[in-house]
Amino acid sequence: MAEEITKQQRTSLIENPTEVQEHQNDICSSLLVILSYFLAFISFPISFIFCFKVVQEYERAVIFRLGRNLSGGAKGPGLFFVLPCIDEITTIDLRTVTFDVPPQEILTKDSVTITVDAVVYYRIFDPVRSVNKVANAQYSTRLLAATSLRNILGTKTLQEILVDKESLALRMQNMLDLATDDWGVKVERIELKDVRLPVEMQRAMATEAEATRDARAKLVAAEGEQKASVALKEAADTINKNPVALQLRYLQTLTDIAAEKNSTIVFPIPIELLRSLPGAVNQKSN
């Protein structure tokens with residue numbers, strides 16, 4: 001019975017050479033780990049400097065032992081033990097990192113060339129994935145942010161870009177966060193800093209805005225003249241009902257002129273006032 005079991009094990013090992021190689025690697029790894037512990041023990045006063053590492057509160061240490069990740073994920077913060085010669089440490093900063101997206105020349109949907117730059121805030125939430133999934137998380141995030149900025153703004157018109165900056169930034173943040181999630185990167189915020197137009201486009205927009213303001217001013221002036229004419233007509237109708245009101249208006253005008261200390265005063269005499277004189281009455285009777 002034992003011979004049959006050993007024969008089955010041999011045949012399974014022959015059929016699966018990968019398992020044989022993994023088994024041999026495990027044996028070699030165990031021997032190297034034992035040897036490393038032995039070296040650390042016999043050189044204890046000196047190995048203390050190399051075997052104990054410290055990471056800050058905002059850092060995590062990803063340890064590779066013979067090329068493989070240690071179980072338990074990233075280490076830290078605080079003090080931890082590593083084996084000399086077989087452990088390799090990669091320290092990851094978990095704080096929020098800010099970088100500027102280089103100015104990108106973008107052709108909008110309405111065929112206008114603009115230059116747009118942005119600022120991106122991100123942090124690493126999974127140190128193990130940021131080391132294993134991508135060679136350089138920061139550089140890859142920079143390139144992806146520039147590409148996403150061109151892809152999103154290229155589908156919008158100039159008016160939409162100038163008006164809906166916040167919604168475009170939020171859409172870009174969601175798109176970039178989804179793409180970098182496998183890398184252990186969390187995009188927290190994206191802001192569009194500046195949208196620069198060509199000089200010719202700026203002049204054309206300034207001319208258009210000036211023409212719009214002039215047309216609006218003329219419209220307001222015309223409306224004012226219309227309202228003033230209506231008010232004058234109502235005032236004329238009111239004065240026509242009582243002739244004495246016109247005399248009072250003359251006296252009020254004279255008072256306003258005298259208040260300015262003028263040396264010459266022109267006082268119009270109405271015909272009705274001349275008719276009230278005695279000579280004018282006798283002349284009328286003759």
# chains A, B, ... in the order shown; residues from 1 in each chain; ligands from 1
>>> residues_around(residues="region 126-139 of chain A", least_positions_apart="4", cutoff="9 Å", atoms="only C-alpha atoms", output="ChimeraX atom specification")
/A:60-62,69,73-74,90-94,97,143-144,180,182-185
>>> write_last_selection(atoms="all heavy atoms", output="CSV table (one decimal), in the first residue's frame")
chain,number,residue,atom,x,y,z
A,60,ARG,N,4.5,53.7,5.4
A,60,ARG,CA,4.4,52.3,5.6
A,60,ARG,C,5.5,51.6,4.8
A,60,ARG,O,6.0,52.1,3.8
A,60,ARG,CB,3.0,51.8,5.0
A,60,ARG,CG,1.8,52.3,5.7
A,60,ARG,CD,1.7,51.8,7.2
A,60,ARG,NE,0.5,52.3,7.8
A,60,ARG,CZ,0.4,53.4,8.5
A,60,ARG,NH1,1.5,54.3,8.5
A,60,ARG,NH2,-0.7,53.8,9.1
A,61,ALA,N,5.9,50.5,5.3
A,61,ALA,CA,7.1,49.7,4.8
A,61,ALA,C,6.6,48.4,4.1
A,61,ALA,O,5.9,47.6,4.8
A,61,ALA,CB,8.1,49.4,5.8
A,62,VAL,N,6.8,48.3,2.8
A,62,VAL,CA,6.5,47.0,2.1
A,62,VAL,C,7.8,46.2,2.1
A,62,VAL,O,8.8,46.6,1.5
A,62,VAL,CB,6.0,47.3,0.7
A,62,VAL,CG1,5.7,46.0,0.0
A,62,VAL,CG2,4.8,48.2,0.8
A,69,ASN,N,6.3,39.1,-1.2
A,69,ASN,CA,5.7,40.0,-0.1
A,69,ASN,C,5.5,39.1,1.2
A,69,ASN,O,5.1,38.0,1.1
A,69,ASN,CB,4.4,40.5,-0.5
A,69,ASN,CG,4.5,41.7,-1.4
A,69,ASN,OD1,4.1,41.7,-2.5
A,69,ASN,ND2,5.2,42.8,-1.0
A,73,GLY,N,0.7,42.3,4.9
A,73,GLY,CA,0.7,43.6,4.3
A,73,GLY,C,1.9,44.5,4.7
A,73,GLY,O,2.9,44.0,5.2
A,74,ALA,N,1.7,45.8,4.6
A,74,ALA,CA,2.7,46.7,4.9
A,74,ALA,C,2.9,46.8,6.4
A,74,ALA,O,2.0,46.7,7.2
A,74,ALA,CB,2.4,48.1,4.3
A,90,THR,N,10.7,48.8,0.9
A,90,THR,CA,10.3,49.9,0.2
A,90,THR,C,9.4,50.7,1.0
A,90,THR,O,8.3,50.2,1.4
A,90,THR,CB,9.6,49.5,-1.1
A,90,THR,OG1,10.5,48.6,-1.9
A,90,THR,CG2,9.2,50.7,-2.0
A,91,THR,N,9.7,52.0,1.3
A,91,THR,CA,8.9,52.9,2.1
A,91,THR,C,8.0,53.7,1.3
A,91,THR,O,8.4,54.3,0.3
A,91,THR,CB,9.8,53.8,3.0
A,91,THR,OG1,10.8,53.0,3.7
A,91,THR,CG2,9.0,54.6,3.9
A,92,ILE,N,6.7,53.7,1.6
A,92,ILE,CA,5.7,54.5,0.9
A,92,ILE,C,5.1,55.6,1.8
A,92,ILE,O,4.8,55.3,2.9
A,92,ILE,CB,4.6,53.5,0.4
A,92,ILE,CG1,5.1,52.4,-0.4
A,92,ILE,CG2,3.5,54.3,-0.4
A,92,ILE,CD1,5.8,52.8,-1.7
A,93,ASP,N,5.0,56.8,1.2
A,93,ASP,CA,4.5,57.9,1.9
A,93,ASP,C,3.0,58.0,1.7
A,93,ASP,O,2.5,57.9,0.5
A,93,ASP,CB,5.1,59.2,1.4
A,93,ASP,CG,4.9,60.4,2.3
A,93,ASP,OD1,3.9,60.4,3.1
A,93,ASP,OD2,5.6,61.4,2.3
A,94,LEU,N,2.2,58.0,2.7
A,94,LEU,CA,0.7,58.0,2.6
A,94,LEU,C,0.1,59.4,2.6
A,94,LEU,O,-1.1,59.5,2.6
A,94,LEU,CB,0.1,57.2,3.8
A,94,LEU,CG,0.5,55.7,3.9
A,94,LEU,CD1,-0.2,55.1,5.1
A,94,LEU,CD2,0.3,55.0,2.6
A,97,VAL,N,-0.4,64.1,-2.0
A,97,VAL,CA,0.7,64.7,-2.8
A,97,VAL,C,0.0,65.6,-3.9
A,97,VAL,O,-1.1,65.2,-4.4
A,97,VAL,CB,1.5,63.6,-3.5
A,97,VAL,CG1,2.5,64.2,-4.5
A,97,VAL,CG2,2.1,62.7,-2.5
A,143,LEU,N,0.9,61.2,-16.0
A,143,LEU,CA,0.6,61.0,-17.4
A,143,LEU,C,-0.8,60.7,-17.6
A,143,LEU,O,-1.4,61.2,-18.6
A,143,LEU,CB,1.5,59.8,-17.9
A,143,LEU,CG,3.0,60.0,-17.9
A,143,LEU,CD1,3.7,58.8,-18.5
A,143,LEU,CD2,3.4,61.2,-18.8
A,144,LEU,N,-1.5,59.9,-16.7
A,144,LEU,CA,-2.9,59.7,-16.9
A,144,LEU,C,-3.7,60.9,-16.7
A,144,LEU,O,-4.8,61.1,-17.4
A,144,LEU,CB,-3.3,58.6,-15.9
A,144,LEU,CG,-4.7,58.0,-16.1
A,144,LEU,CD1,-4.9,57.4,-17.5
A,144,LEU,CD2,-5.0,56.9,-15.0
A,180,THR,N,-7.0,54.7,-11.5
A,180,THR,CA,-5.8,54.5,-10.5
A,180,THR,C,-6.2,53.6,-9.3
A,180,THR,O,-5.3,53.5,-8.4
A,180,THR,CB,-5.3,55.8,-10.1
A,180,THR,OG1,-6.3,56.6,-9.4
A,180,THR,CG2,-4.8,56.6,-11.3
A,182,ASP,N,-6.7,50.4,-9.1
A,182,ASP,CA,-5.9,49.2,-9.1
A,182,ASP,C,-4.4,49.4,-8.7
A,182,ASP,O,-3.8,48.5,-8.3
A,182,ASP,CB,-5.9,48.5,-10.5
A,182,ASP,CG,-7.3,48.0,-10.9
A,182,ASP,OD1,-8.0,47.7,-10.0
A,182,ASP,OD2,-7.6,47.9,-12.1
A,183,TRP,N,-4.0,50.7,-8.7
A,183,TRP,CA,-2.6,51.0,-8.3
A,183,TRP,C,-2.5,51.4,-6.8
A,183,TRP,O,-1.5,51.7,-6.4
A,183,TRP,CB,-2.1,52.2,-9.1
A,183,TRP,CG,-2.1,51.9,-10.6
A,183,TRP,CD1,-2.2,50.7,-11.3
A,183,TRP,CD2,-2.0,52.9,-11.6
A,183,TRP,NE1,-2.1,50.9,-12.6
A,183,TRP,CE2,-2.0,52.2,-12.9
A,183,TRP,CE3,-1.8,54.3,-11.6
A,183,TRP,CZ2,-1.9,52.9,-14.1
A,183,TRP,CZ3,-1.7,55.0,-12.9
A,183,TRP,CH2,-1.8,54.3,-14.1
A,184,GLY,N,-3.7,51.4,-6.1
A,184,GLY,CA,-3.7,51.8,-4.8
A,184,GLY,C,-3.6,53.3,-4.6
A,184,GLY,O,-3.2,53.7,-3.5
A,185,VAL,N,-4.0,54.0,-5.6
A,185,VAL,CA,-4.0,55.5,-5.5
A,185,VAL,C,-5.4,56.0,-5.5
A,185,VAL,O,-6.3,55.6,-6.2
A,185,VAL,CB,-3.2,56.0,-6.8
A,185,VAL,CG1,-3.3,57.6,-6.8
A,185,VAL,CG2,-1.8,55.5,-6.8
>>> residues_around(residues="region 151-165 of chain A", least_positions_apart="6", cutoff="9 Å", atoms="only C-alpha atoms", output="list of chain:residue names")
A:Ile106, A:Leu107, A:Thr108, A:Lys109, A:Asp110, A:Ser111, A:Val112, A:Ile114, A:Arg171, A:Met172, A:Glu191, A:Leu192, A:Val195
>>> select_by_dssp(residues="region 86-197 of chain A", states="alpha helix (DSSP H)", output="PyMOL selection string")
chain A and resi 127-132+137-153+158-163+165-180
>>> atom_distance(atom1="CA of Lys227 (chain A)", atom2="CA of Thr255 (chain A)")
26.9 Å
